[in-house]
>>> print(open('my_file_25.txt').read())   # compact mmCIF, C-alpha atoms
# COMPACT_ATOMS: atom_id res chain seq x y z
CA MET A 1 -20.55 -20.13 -34.55
CA PHE A 2 -19.00 -23.36 -33.28
CA GLU A 3 -19.73 -25.36 -36.44
CA PRO A 4 -16.12 -25.39 -37.69
CA LEU A 5 -14.86 -26.63 -34.32
CA ILE A 6 -17.57 -29.29 -33.94
CA THR A 7 -17.01 -30.42 -37.53
CA ARG A 8 -13.25 -30.68 -36.98
CA LEU A 9 -13.70 -32.73 -33.80
CA LEU A 10 -16.28 -35.04 -35.39
CA ASN A 11 -14.14 -35.71 -38.43
CA HIS A 12 -11.12 -36.30 -36.27
CA LEU A 13 -13.11 -39.00 -34.48
CA VAL A 14 -14.37 -40.43 -37.77
CA ASP A 15 -10.77 -40.57 -39.04
CA GLN A 16 -9.78 -42.54 -35.94
CA ASN A 17 -12.72 -44.92 -36.41
CA SER A 18 -12.50 -45.67 -40.12
CA TRP A 19 -15.32 -48.27 -39.97
CA ALA A 20 -17.75 -45.37 -39.34
CA ARG A 21 -17.34 -43.88 -42.84
CA GLU A 22 -18.65 -46.96 -44.63
CA GLN A 23 -21.71 -47.07 -42.39
CA LEU A 24 -22.50 -43.38 -42.90
CA LYS A 25 -21.81 -43.00 -46.64
CA PRO A 26 -25.23 -44.29 -47.79
CA PHE A 27 -26.84 -41.37 -45.92
CA ALA A 28 -24.71 -38.59 -47.48
CA GLY A 29 -26.37 -35.20 -47.45
CA LYS A 30 -28.96 -36.13 -44.81
CA THR A 31 -29.33 -34.36 -41.47
CA VAL A 32 -30.33 -35.67 -38.04
CA ALA A 33 -31.39 -33.38 -35.19
CA PHE A 34 -30.48 -34.57 -31.69
CA ARG A 35 -32.38 -33.08 -28.76
CA ILE A 36 -31.12 -33.63 -25.22
CA PRO A 37 -32.76 -30.77 -23.28
CA PRO A 38 -31.56 -28.07 -23.03
CA ALA A 39 -28.97 -28.97 -25.69
CA ARG A 40 -29.82 -29.31 -29.36
CA ILE A 41 -27.50 -30.20 -32.23
CA SER A 42 -28.03 -31.19 -35.85
CA LEU A 43 -25.47 -33.23 -37.74
CA THR A 44 -25.18 -33.70 -41.49
CA VAL A 45 -23.59 -36.76 -43.05
CA LEU A 46 -20.96 -35.80 -45.63
CA GLU A 47 -20.36 -37.43 -48.98
CA ASP A 48 -17.07 -38.98 -47.80
CA GLY A 49 -18.81 -40.56 -44.80
CA GLY A 50 -17.66 -37.80 -42.45
CA LEU A 51 -19.87 -35.64 -40.25
CA ALA A 52 -20.46 -31.91 -40.05
CA ALA A 53 -22.54 -29.68 -37.83
CA ALA A 54 -25.62 -28.78 -39.89
CA GLY A 55 -26.00 -25.25 -41.25
CA GLU A 56 -28.75 -22.67 -40.74
CA ALA A 57 -31.05 -23.95 -43.49
CA ALA A 58 -30.56 -27.71 -43.16
CA ILE A 59 -33.56 -29.92 -43.90
CA VAL A 60 -33.85 -32.44 -41.07
CA SER A 61 -34.53 -36.05 -42.15
CA ALA A 62 -34.77 -37.51 -38.64
CA LYS A 63 -35.18 -36.32 -35.06
CA VAL A 64 -33.75 -38.10 -32.02
CA SER A 65 -35.02 -36.95 -28.60
CA LEU A 66 -33.87 -38.25 -25.26
CA PRO A 67 -34.07 -36.90 -21.72
CA PRO A 68 -30.71 -36.14 -20.02
CA SER A 69 -31.17 -39.07 -17.62
CA VAL A 70 -31.49 -41.50 -20.54
CA ALA A 71 -28.41 -39.94 -22.17
CA MET A 72 -26.45 -40.58 -18.96
CA ARG A 73 -27.64 -44.19 -18.85
CA LEU A 74 -26.63 -44.70 -22.48
CA LEU A 75 -23.20 -43.26 -21.76
CA ALA A 76 -22.87 -45.65 -18.84
CA GLY A 77 -23.58 -48.53 -21.24
CA ASP A 78 -27.13 -49.35 -20.12
CA ALA A 79 -28.63 -51.07 -23.19
CA ASN A 80 -32.15 -50.99 -21.69
CA ALA A 81 -32.14 -47.17 -21.96
CA GLU A 82 -32.20 -47.45 -25.78
CA THR A 83 -35.91 -48.22 -25.64
CA LEU A 84 -36.54 -44.80 -24.06
CA VAL A 85 -35.05 -42.88 -27.02
CA SER A 86 -37.68 -41.32 -29.27
CA ILE A 87 -37.00 -41.32 -33.03
CA GLU A 88 -39.05 -39.50 -35.70
CA GLY A 89 -38.56 -39.52 -39.47
CA ASP A 90 -35.91 -41.66 -41.18
CA THR A 91 -35.48 -44.34 -38.50
CA GLU A 92 -32.69 -46.19 -40.31
CA LEU A 93 -30.60 -43.03 -40.62
CA ALA A 94 -31.17 -42.01 -36.99
CA THR A 95 -30.40 -45.50 -35.69
CA THR A 96 -27.22 -45.83 -37.76
CA LEU A 97 -25.92 -42.41 -36.75
CA SER A 98 -26.75 -42.98 -33.07
CA LYS A 99 -24.98 -46.34 -33.18
CA VAL A 100 -21.92 -44.83 -34.87
CA LEU A 101 -21.72 -41.98 -32.34
CA ARG A 102 -22.05 -44.41 -29.40
CA ASN A 103 -19.41 -46.81 -30.67
CA MET A 104 -16.79 -44.30 -31.78
CA SER A 105 -13.86 -44.12 -29.41
CA TRP A 106 -11.32 -41.36 -28.98
CA GLU A 107 -7.71 -42.55 -29.46
CA TYR A 108 -6.33 -40.00 -27.05
CA GLU A 109 -2.97 -41.77 -26.72
CA GLU A 110 -2.46 -41.39 -30.48
CA ASP A 111 -3.27 -37.66 -30.32
CA LEU A 112 -1.05 -37.14 -27.32
CA SER A 113 1.85 -38.88 -29.05
CA LYS A 114 1.84 -36.18 -31.73
CA LEU A 115 2.41 -33.56 -29.04
CA VAL A 116 4.86 -35.23 -26.67
CA GLY A 117 6.13 -38.33 -28.51
CA ASP A 118 5.18 -42.01 -28.32
CA ILE A 119 6.77 -43.10 -25.03
CA PRO A 120 5.67 -40.13 -22.88
CA ALA A 121 2.20 -40.38 -24.46
CA HIS A 122 1.96 -44.06 -23.52
CA GLU A 123 3.15 -43.33 -19.97
CA ILE A 124 0.71 -40.42 -19.53
CA ALA A 125 -2.19 -42.46 -20.97
CA ASP A 126 -1.24 -45.42 -18.78
CA PHE A 127 -1.14 -43.17 -15.74
CA GLY A 128 -4.54 -41.75 -16.74
CA ARG A 129 -6.06 -45.22 -17.16
CA LYS A 130 -4.68 -46.39 -13.79
CA THR A 131 -5.93 -43.22 -12.09
CA VAL A 132 -9.43 -43.65 -13.52
CA SER A 133 -9.48 -47.32 -12.54
CA GLU A 134 -8.26 -46.53 -9.00
CA VAL A 135 -10.78 -43.70 -8.58
CA ARG A 136 -13.55 -46.04 -9.74
CA LYS A 137 -12.39 -48.78 -7.35
CA GLN A 138 -12.13 -46.41 -4.39
CA SER A 139 -15.54 -44.87 -5.19
CA LEU A 140 -17.10 -48.34 -5.15
CA ASN A 141 -15.36 -49.14 -1.83
CA ILE A 142 -16.62 -45.94 -0.24
CA ALA A 143 -20.13 -46.54 -1.58
CA GLU A 144 -20.09 -50.09 -0.19
CA MET A 145 -18.85 -48.82 3.15
CA PHE A 146 -21.68 -46.30 3.44
CA THR A 147 -24.22 -48.88 2.30
CA GLU A 148 -23.07 -51.29 5.01
CA TYR A 149 -23.18 -48.55 7.64
CA TRP A 150 -26.70 -47.46 6.68
CA GLN A 151 -27.91 -51.05 6.55
CA GLU A 152 -26.32 -52.41 9.73
CA GLU A 153 -25.45 -49.54 12.06
CA GLN A 154 -27.98 -46.81 11.19
CA PRO A 155 -30.64 -48.71 9.21
CA MET A 156 -31.64 -46.13 6.62
CA ILE A 157 -31.41 -48.46 3.62
CA ALA A 158 -33.32 -51.74 3.45
CA LYS A 159 -31.46 -54.94 2.72
CA LYS A 160 -32.30 -56.90 -0.40
CA ARG A 161 -33.63 -59.93 1.48
CA HIS A 162 -35.81 -57.67 3.65
CA ILE A 163 -37.29 -56.08 0.55
CA GLN A 164 -37.93 -59.52 -0.98
CA GLN A 165 -39.57 -60.69 2.24
CA PHE A 166 -41.69 -57.54 2.31
CA MET A 167 -42.71 -58.05 -1.31
CA GLN A 168 -43.72 -61.64 -0.61
CA GLU A 169 -45.84 -60.47 2.33
CA VAL A 170 -47.49 -57.82 0.16
CA GLU A 171 -48.30 -60.48 -2.43
CA ARG A 172 -49.71 -62.80 0.23
CA LEU A 173 -51.83 -59.99 1.62
CA ARG A 174 -53.11 -59.15 -1.88
CA ASP A 175 -54.06 -62.82 -2.45
CA ASP A 176 -55.78 -62.94 0.93
CA VAL A 177 -57.76 -59.81 0.14
CA GLU A 178 -58.79 -61.22 -3.23
CA ARG A 179 -59.87 -64.48 -1.64
CA LEU A 180 -61.85 -62.60 1.00
CA GLU A 181 -63.55 -60.48 -1.64
CA LYS A 182 -64.58 -63.58 -3.57
CA ARG A 183 -65.98 -65.25 -0.42
CA MET A 184 -67.94 -62.12 0.40
CA ASP A 185 -69.33 -62.02 -3.14
CA ARG A 186 -70.38 -65.64 -2.91
CA LEU A 187 -71.98 -65.09 0.47
CA SER A 188 -73.88 -62.04 -0.73
CA THR A 189 -75.31 -63.97 -3.71
CA HIS A 190 -76.47 -66.77 -1.38
CA LEU A 191 -78.14 -64.49 1.11
CA PRO A 192 -81.89 -65.29 1.27
CA SER A 193 -84.13 -62.65 -0.23
CA SER A 194 -86.00 -62.68 3.14
CA ALA A 195 -83.01 -60.77 4.54
CA SER A 196 -84.21 -57.67 2.70
CA PRO A 197 -85.66 -54.91 4.96
CA GLU A 198 -89.06 -54.90 3.14
CA ASN A 199 -89.87 -58.41 4.45
CA SER A 200 -88.67 -57.88 8.00
CA MET B 1 -28.87 -4.79 -54.67
CA LYS B 2 -28.69 -7.39 -57.42
CA ASP B 3 -26.90 -7.12 -60.72
CA LYS B 4 -29.03 -6.04 -63.60
CA THR B 5 -29.81 -9.01 -65.78
CA MET B 6 -28.22 -9.37 -69.18
CA GLY B 7 -30.05 -7.70 -71.99
CA GLU B 8 -32.19 -5.57 -69.68
CA ASP B 9 -29.60 -2.89 -69.10
CA ASN B 10 -25.86 -2.80 -69.53
CA THR B 11 -25.06 -1.22 -66.19
CA THR B 12 -24.08 -2.97 -63.01
CA HIS B 13 -22.32 -2.07 -59.79
CA PHE B 14 -18.64 -1.76 -59.11
CA GLY B 15 -18.52 -1.29 -55.37
CA PHE B 16 -20.93 1.60 -54.76
CA GLN B 17 -20.53 2.99 -58.28
CA SER B 18 -22.77 2.20 -61.21
CA VAL B 19 -20.74 1.25 -64.27
CA SER B 20 -21.27 -0.53 -67.56
CA GLU B 21 -20.82 -4.31 -67.55
CA THR B 22 -17.69 -4.16 -69.71
CA GLU B 23 -16.33 -1.45 -67.46
CA LYS B 24 -16.89 -3.64 -64.37
CA THR B 25 -15.04 -6.59 -65.92
CA ARG B 26 -12.12 -4.31 -66.76
CA LYS B 27 -12.07 -2.66 -63.35
CA VAL B 28 -12.25 -5.98 -61.46
CA ARG B 29 -9.37 -7.24 -63.61
CA GLU B 30 -7.36 -4.10 -62.71
CA VAL B 31 -8.09 -4.50 -59.00
CA PHE B 32 -6.89 -8.09 -58.89
CA HIS B 33 -3.95 -7.38 -61.15
CA SER B 34 -2.97 -4.66 -58.72
CA VAL B 35 -3.35 -6.71 -55.52
CA ALA B 36 -2.20 -10.11 -56.88
CA ARG B 37 1.32 -10.09 -55.48
CA ARG B 38 0.30 -9.15 -51.98
CA TYR B 39 -3.12 -10.79 -52.01
CA ASP B 40 -2.35 -13.52 -49.46
CA LEU B 41 -0.54 -11.18 -47.09
CA MET B 42 -3.49 -8.78 -47.18
CA ASN B 43 -5.96 -11.61 -46.61
CA ASP B 44 -4.02 -12.67 -43.54
CA VAL B 45 -3.90 -9.13 -42.19
CA MET B 46 -7.52 -8.29 -42.99
CA SER B 47 -9.01 -11.45 -41.49
CA ALA B 48 -6.40 -11.99 -38.75
CA GLY B 49 -5.57 -15.31 -40.40
CA MET B 50 -9.18 -16.50 -40.16
CA HIS B 51 -9.55 -16.92 -43.93
CA ARG B 52 -7.36 -20.02 -43.58
CA LEU B 53 -9.77 -21.53 -41.03
CA TRP B 54 -12.76 -20.69 -43.25
CA LYS B 55 -11.08 -22.37 -46.21
CA ARG B 56 -10.24 -25.47 -44.17
CA PHE B 57 -13.85 -25.65 -43.02
CA THR B 58 -14.97 -25.38 -46.66
CA ILE B 59 -12.79 -28.36 -47.57
CA GLU B 60 -14.12 -30.34 -44.63
CA VAL B 61 -17.77 -29.63 -45.45
CA SER B 62 -17.23 -30.43 -49.15
CA GLY B 63 -17.14 -34.17 -48.41
CA VAL B 64 -14.57 -34.53 -51.19
CA LYS B 65 -12.86 -37.93 -51.18
CA PRO B 66 -9.94 -39.56 -53.02
CA GLY B 67 -10.58 -39.91 -56.75
CA ASP B 68 -13.12 -37.04 -56.97
CA ARG B 69 -13.16 -34.36 -59.67
CA VAL B 70 -13.01 -30.83 -58.28
CA LEU B 71 -13.27 -27.43 -59.96
CA ASP B 72 -11.84 -24.42 -58.12
CA ILE B 73 -13.39 -21.29 -59.65
CA ALA B 74 -11.76 -17.88 -59.06
CA GLY B 75 -9.12 -19.95 -57.30
CA GLY B 76 -6.57 -17.15 -57.58
CA THR B 77 -3.52 -17.88 -55.54
CA GLY B 78 -4.51 -21.52 -55.10
CA ASP B 79 -5.23 -21.74 -51.35
CA LEU B 80 -8.22 -24.07 -51.74
CA SER B 81 -6.69 -26.00 -54.63
CA ARG B 82 -3.74 -26.91 -52.44
CA LEU B 83 -6.04 -28.35 -49.78
CA PHE B 84 -8.33 -30.08 -52.30
CA SER B 85 -5.36 -31.59 -54.10
CA ARG B 86 -4.22 -33.40 -50.96
CA ARG B 87 -7.74 -34.76 -50.41
CA ILE B 88 -8.42 -36.15 -53.86
CA GLY B 89 -5.00 -37.82 -54.19
CA ALA B 90 -3.35 -39.01 -57.37
CA ASP B 91 -6.54 -40.58 -58.74
CA GLY B 92 -8.55 -37.37 -58.47
CA GLN B 93 -8.75 -34.47 -60.88
CA LEU B 94 -8.51 -30.84 -59.88
CA VAL B 95 -8.78 -27.82 -62.16
CA LEU B 96 -7.80 -24.35 -60.98
CA THR B 97 -9.47 -21.48 -62.83
CA ASP B 98 -9.50 -17.72 -62.61
CA ILE B 99 -10.44 -14.93 -64.98
CA ASN B 100 -7.37 -12.98 -63.94
CA ALA B 101 -4.07 -14.09 -65.48
CA ALA B 102 -1.90 -12.47 -62.79
CA MET B 103 -3.69 -14.26 -59.95
CA LEU B 104 -3.84 -17.57 -61.81
CA GLU B 105 -0.14 -17.44 -62.58
CA ILE B 106 0.69 -17.08 -58.89
CA GLY B 107 -1.62 -19.95 -57.95
CA ARG B 108 -0.31 -22.25 -60.68
CA ASP B 109 3.34 -21.55 -59.79
CA ARG B 110 2.73 -22.04 -56.12
CA LEU B 111 1.08 -25.42 -56.70
CA LEU B 112 3.97 -26.45 -58.96
CA ASP B 113 6.48 -25.36 -56.32
CA GLU B 114 4.74 -27.56 -53.81
CA GLY B 115 4.87 -30.57 -56.12
CA LEU B 116 1.17 -30.42 -56.97
CA PRO B 117 1.00 -29.97 -60.74
CA THR B 118 -2.55 -28.78 -61.42
CA PRO B 119 -4.21 -27.75 -64.69
CA ALA B 120 -4.77 -23.99 -64.52
CA VAL B 121 -7.36 -22.55 -66.90
CA GLN B 122 -7.98 -18.84 -67.43
CA CYS B 123 -11.71 -18.61 -68.03
CA ASP B 124 -14.86 -16.70 -67.27
CA ALA B 125 -17.07 -18.43 -64.67
CA GLU B 126 -20.11 -17.31 -66.67
CA LYS B 127 -18.96 -19.44 -69.62
CA LEU B 128 -17.20 -22.48 -68.20
CA PRO B 129 -15.31 -24.52 -70.80
CA PHE B 130 -16.24 -27.88 -69.25
CA PRO B 131 -18.84 -30.53 -70.13
CA GLU B 132 -22.10 -31.04 -68.24
CA ASN B 133 -22.25 -33.43 -65.25
CA HIS B 134 -18.48 -33.59 -64.93
CA PHE B 135 -17.39 -32.52 -61.41
CA ASP B 136 -18.13 -33.98 -57.98
CA CYS B 137 -17.52 -30.62 -56.37
CA VAL B 138 -17.33 -27.03 -57.61
CA CYS B 139 -16.03 -24.37 -55.29
CA VAL B 140 -15.81 -20.59 -55.44
CA ALA B 141 -14.19 -18.74 -52.55
CA PHE B 142 -14.36 -14.96 -52.35
CA GLY B 143 -14.96 -14.76 -56.08
CA LEU B 144 -18.71 -14.70 -56.72
CA ARG B 145 -19.18 -11.08 -55.67
CA ASN B 146 -16.79 -9.92 -58.39
CA MET B 147 -18.76 -11.64 -61.14
CA THR B 148 -20.91 -9.41 -63.31
CA HIS B 149 -23.77 -11.89 -63.83
CA LYS B 150 -23.90 -13.96 -60.66
CA GLU B 151 -27.06 -15.83 -61.69
CA GLN B 152 -25.44 -16.92 -64.95
CA ALA B 153 -22.25 -17.98 -63.15
CA LEU B 154 -24.25 -20.07 -60.64
CA LYS B 155 -26.15 -21.73 -63.50
CA GLU B 156 -22.87 -22.63 -65.16
CA MET B 157 -21.50 -24.09 -61.94
CA GLN B 158 -24.66 -26.15 -61.55
CA ARG B 159 -24.37 -27.33 -65.16
CA VAL B 160 -20.87 -28.77 -64.79
CA LEU B 161 -21.75 -30.59 -61.54
CA LYS B 162 -22.59 -34.29 -61.60
CA PRO B 163 -25.94 -35.30 -60.08
CA GLY B 164 -25.22 -35.58 -56.35
CA GLY B 165 -22.35 -33.10 -56.75
CA ARG B 166 -21.92 -30.12 -54.47
CA LEU B 167 -21.44 -26.42 -55.10
CA LEU B 168 -19.63 -24.54 -52.32
CA VAL B 169 -19.71 -20.76 -52.20
CA LEU B 170 -17.51 -19.09 -49.57
CA GLU B 171 -18.16 -15.37 -49.59
CA PHE B 172 -18.46 -12.29 -47.42
CA SER B 173 -22.00 -11.88 -46.23
CA GLN B 174 -24.27 -9.94 -43.93
CA VAL B 175 -22.79 -9.56 -40.46
CA TRP B 176 -24.86 -10.03 -37.30
CA LYS B 177 -26.71 -6.68 -36.88
CA PRO B 178 -25.30 -5.60 -33.47
CA LEU B 179 -21.79 -5.87 -34.90
CA ALA B 180 -22.59 -3.97 -38.09
CA PRO B 181 -21.38 -0.47 -36.95
CA LEU B 182 -18.06 -1.91 -35.79
CA TYR B 183 -17.68 -3.89 -39.00
CA ASP B 184 -18.49 -0.80 -41.10
CA ALA B 185 -15.86 1.24 -39.31
CA TYR B 186 -13.33 -1.53 -39.90
CA SER B 187 -14.23 -1.95 -43.58
CA PHE B 188 -14.38 1.67 -44.63
CA LYS B 189 -11.71 3.23 -42.42
CA LEU B 190 -9.18 0.58 -41.44
CA LEU B 191 -9.29 -1.65 -44.53
CA PRO B 192 -8.34 1.05 -47.11
CA LEU B 193 -5.65 2.28 -44.72
CA MET B 194 -4.17 -1.22 -44.45
CA GLY B 195 -4.41 -1.54 -48.23
CA LYS B 196 -2.48 1.69 -48.59
CA LEU B 197 0.23 0.70 -46.13
CA LEU B 198 0.68 -2.95 -47.08
CA ALA B 199 -0.28 -3.15 -50.73
CA ARG B 200 0.15 0.56 -51.55
CA ASP B 201 -3.28 0.41 -53.11
CA ALA B 202 -6.03 2.02 -51.02
CA GLU B 203 -8.51 2.19 -53.92
CA SER B 204 -8.54 -1.55 -54.54
CA TYR B 205 -9.29 -2.24 -50.91
CA GLN B 206 -11.95 0.45 -50.87
CA TYR B 207 -13.55 -1.51 -53.74
CA LEU B 208 -13.27 -4.77 -51.77
CA ALA B 209 -15.10 -3.20 -48.81
CA GLU B 210 -17.82 -1.75 -51.05
CA SER B 211 -18.28 -4.93 -53.06
CA ILE B 212 -18.85 -6.88 -49.83
CA ARG B 213 -21.74 -4.55 -48.98
CA MET B 214 -23.28 -4.97 -52.42
CA HIS B 215 -23.15 -8.76 -52.27
CA PRO B 216 -26.43 -10.63 -51.59
CA ASP B 217 -27.08 -11.69 -47.99
CA GLN B 218 -27.26 -15.31 -46.84
CA GLU B 219 -30.93 -15.96 -47.64
CA THR B 220 -30.81 -14.15 -51.00
CA LEU B 221 -27.78 -16.11 -52.14
CA ARG B 222 -29.43 -19.34 -50.97
CA GLN B 223 -32.46 -18.52 -53.12
CA MET B 224 -30.23 -17.60 -56.08
CA MET B 225 -28.55 -21.02 -55.82
CA LEU B 226 -31.93 -22.76 -55.73
CA ASP B 227 -33.02 -20.70 -58.74
CA ALA B 228 -29.86 -21.81 -60.55
CA GLY B 229 -31.18 -25.37 -60.36
CA LEU B 230 -29.67 -26.79 -57.19
CA ALA B 231 -32.03 -29.11 -55.34
CA LYS B 232 -31.08 -28.20 -51.77
CA VAL B 233 -28.98 -25.41 -50.24
CA ASP B 234 -27.70 -25.06 -46.69
CA PHE B 235 -25.45 -22.32 -45.30
CA TYR B 236 -23.13 -21.65 -42.37
CA ASN B 237 -22.48 -18.25 -40.82
CA LEU B 238 -18.83 -17.87 -39.96
CA ALA B 239 -17.48 -15.14 -37.65
CA ALA B 240 -21.01 -13.88 -36.90
CA GLY B 241 -21.94 -13.67 -40.58
CA VAL B 242 -18.88 -11.73 -41.77
CA VAL B 243 -18.49 -14.71 -44.09
CA ALA B 244 -21.00 -17.38 -45.10
CA LEU B 245 -20.41 -20.77 -46.61
CA HIS B 246 -23.26 -22.00 -48.84
CA LYS B 247 -23.44 -25.64 -49.84
CA GLY B 248 -25.82 -26.69 -52.60
CA TRP B 249 -26.57 -30.18 -53.91
CA LYS B 250 -27.46 -31.04 -57.50
CA ALA B 251 -30.24 -33.60 -57.76
>>> encode(input="my_file_25.txt", output="structure tokens")
Amino acid sequence: MFEPLITRLLNHLVDQNSWAREQLKPFAGKTVAFRIPPARISLTVLEDGGLAAAGEAAIVSAKVSLPPSVAMRLLAGDANAETLVSIEGDTELATTLSKVLRNMSWEYEEDLSKLVGDIPAHEIADFGRKTVSEVRKQSLNIAEMFTEYWQEEQPMIAKKRHIQQFMQEVERLRDDVERLEKRMDRLSTHLPSSASPENS
Amino acid sequence: MKDKTMGEDNTTHFGFQSVSETEKTRKVREVFHSVARRYDLMNDVMSAGMHRLWKRFTIEVSGVKPGDRVLDIAGGTGDLSRLFSRRIGADGQLVLTDINAAMLEIGRDRLLDEGLPTPAVQCDAEKLPFPENHFDCVCVAFGLRNMTHKEQALKEMQRVLKPGGRLLVLEFSQVWKPLAPLYDAYSFKLLPLMGKLLARDAESYQYLAESIRMHPDQETLRQMMLDAGLAKVDFYNLAAGVVALHKGWKA
């Protein structure tokens, strides 16, 4: 039902990121199914290197599954999360398409300029960028403020050096336990057989 | 219900009527000759302008790129040809065809008026006058259901496609079941009335409504395309199945 809309949006993005076409063209006609529970979407690579939502009878060449938490980490730019993505089938196709989708950027200023003109579009986009940056900065400040309060005033969160100290103590304790176990083993092997209850 | 195959019997359907094959060809020609001048206006009214979105989606899914060769079958008033022409650019080749001279003339003139000179060929889709393995994309929008021998037409379309080429069939299809009573009321009551008021031709639009019902559903058409020799066929339901777009690839 939403295929035309999804296809339009995807191709608009591909048009704005012309490098994507060349990367996708070798996989023309192939379909990848993405599963991010509860969402599920299949995309077909077009012969011109564009993308379309897959139809009802598409044959899937590769499946990419990732939990929502991993998807969020990927969106936030956490490269380590890539290892948690599960890929089945044509790995090269799935990897290329995932990479293209992650690296495509939306030129919203360009789109806006078609509606309101170049200068207002630049001003609006600039205002948007500054707002996002300010919100991010203020969010970090507030988070730091709460962290400090919970660490110093109402100690609910442990400090990093306290955790490190605790970890070192745990390691020392583990070593001590191991050493003690070994000494006990040695002692038990050296115990005289006369210590057995039968000879007492 | 499928058309009777050639040689088995010479009758086929024309809407809900059973007529001889020659009679069907003549009647379809009459219908389109009658509606040609107001065809686009009626399409806009009947689909609330959605046929334009469906056609744009068809172009997008085609994957046609600059320099490609495209064949627009039953292209009539040239809606798709206009969009294809812009995609393939000056290096591409587009051929507009239709069996009906009145429709083809309107399409050809419109393309010329827009500065898009396009070869327009009046021909029968069941006997395409083009060599094998010639086109990157063949498209038929709202035309297949009027063809007498659909299987033969699909085979011809497959023949003229290059390996790796795509066949796109945009056609009315089977609507999502819960909406069927509403759609029936619209097709058999409102559609002929609109045809009478706007095109002064209720009978032609009665035929259009009936021919939609006689057309194969999504899965049947998919199988027919596979039987015609296409290696893979996918389809999209548009507007809850009122229309379906089938895309087939030649191996």
>>> atom_distance(input="my_file_25.txt", atom1="CA of Leu94 (chain B)", atom2="CA of Leu46 (chain A)")
19.6 Å
>>> interface_residues(input="my_file_25.txt", of="chain A", to="chain B", cutoff="10 Å", atoms="only C-alpha atoms", output="PyMOL selection string")
chain A and resi 1-5+7-8+11+28-29+44-59
>>> atom_distance(input="my_file_25.txt", atom1="CA of Val14 (chain A)", atom2="CA of Ala94 (chain A)")
16.9 Å
>>> axis_aligned_box(input="my_file_25.txt", around="region 50-64 of chain B", padding_each_side="5 Å", output="JSON")
{"center_x": -12.6, "center_y": -25.5, "center_z": -45.7, "size_x": 20.4, "size_y": 28.0, "size_z": 21.0}
>>> residues_around(input="my_file_25.txt", residues="Tyr205 (chain B)", least_positions_apart="5", cutoff="12 Å", atoms="only C-alpha atoms", output="number ranges by chain")
B: 15, 28, 31-32, 34-35, 38-39, 42-43, 46, 186-200, 210-212
>>> atom_distance(input="my_file_25.txt", atom1="CA of Lys30 (chain A)", atom2="CA of Ser61 (chain A)")
6.2 Å
>>> closest_residue(input="my_file_25.txt", among="B:Gln223, B:Ser204, B:Thr97, B:Ser173", to="Gln122 (chain B)", atoms="all atoms listed in the file")
B:Thr97
>>> residues_around(input="my_file_25.txt", residues="region 143-160 of chain B", least_positions_apart="2", cutoff="6 Å", atoms="all atoms listed in the file", output="PyMOL selection string")
chain B and resi 74+125-126+131-134+140-141+215+228
>>> residues_around(input="my_file_25.txt", residues="region 83-93 of chain A", least_positions_apart="5", cutoff="10 Å", atoms="only C-alpha atoms", output="PyMOL selection string")
chain A and resi 23-24+26-27+30-35+45+60-67+70-71+74+98-99
>>> closest_residue(input="my_file_25.txt", among="B:Ala102, B:Ala185, B:Leu112, B:Ile59", to="Ile88 (chain B)", atoms="only C-alpha atoms")
B:Ile59
>>> closest_residue(input="my_file_25.txt", among="A:Arg129, A:Lys159, A:Asp78, A:Thr96", to="Glu109 (chain A)", atoms="only C-alpha atoms")
A:Arg129
>>> residues_around(input="my_file_25.txt", residues="Val242 (chain B)", least_positions_apart="5", cutoff="9 Å", atoms="all atoms listed in the file", output="JSON, numbers by chain")
{"B": [171, 172, 173, 174, 175, 176, 183, 237]}
>>> residues_around(input="my_file_25.txt", residues="Asp109 (chain B)", least_positions_apart="5", cutoff="12 Å", atoms="all atoms listed in the file", output="compact mmCIF listing (two decimals) with C-alpha atoms, in the frame of the given file")
# COMPACT_ATOMS: atom_id res chain seq x y z
CA GLY B 76 -6.57 -17.15 -57.58
CA THR B 77 -3.52 -17.88 -55.54
CA GLY B 78 -4.51 -21.52 -55.10
CA ARG B 82 -3.74 -26.91 -52.44
CA LEU B 96 -7.80 -24.35 -60.98
CA ALA B 101 -4.07 -14.09 -65.48
CA ALA B 102 -1.90 -12.47 -62.79
CA MET B 103 -3.69 -14.26 -59.95
CA LEU B 104 -3.84 -17.57 -61.81
CA GLU B 114 4.74 -27.56 -53.81
CA GLY B 115 4.87 -30.57 -56.12
CA LEU B 116 1.17 -30.42 -56.97
CA PRO B 117 1.00 -29.97 -60.74
CA THR B 118 -2.55 -28.78 -61.42
CA PRO B 119 -4.21 -27.75 -64.69
CA ALA B 120 -4.77 -23.99 -64.52
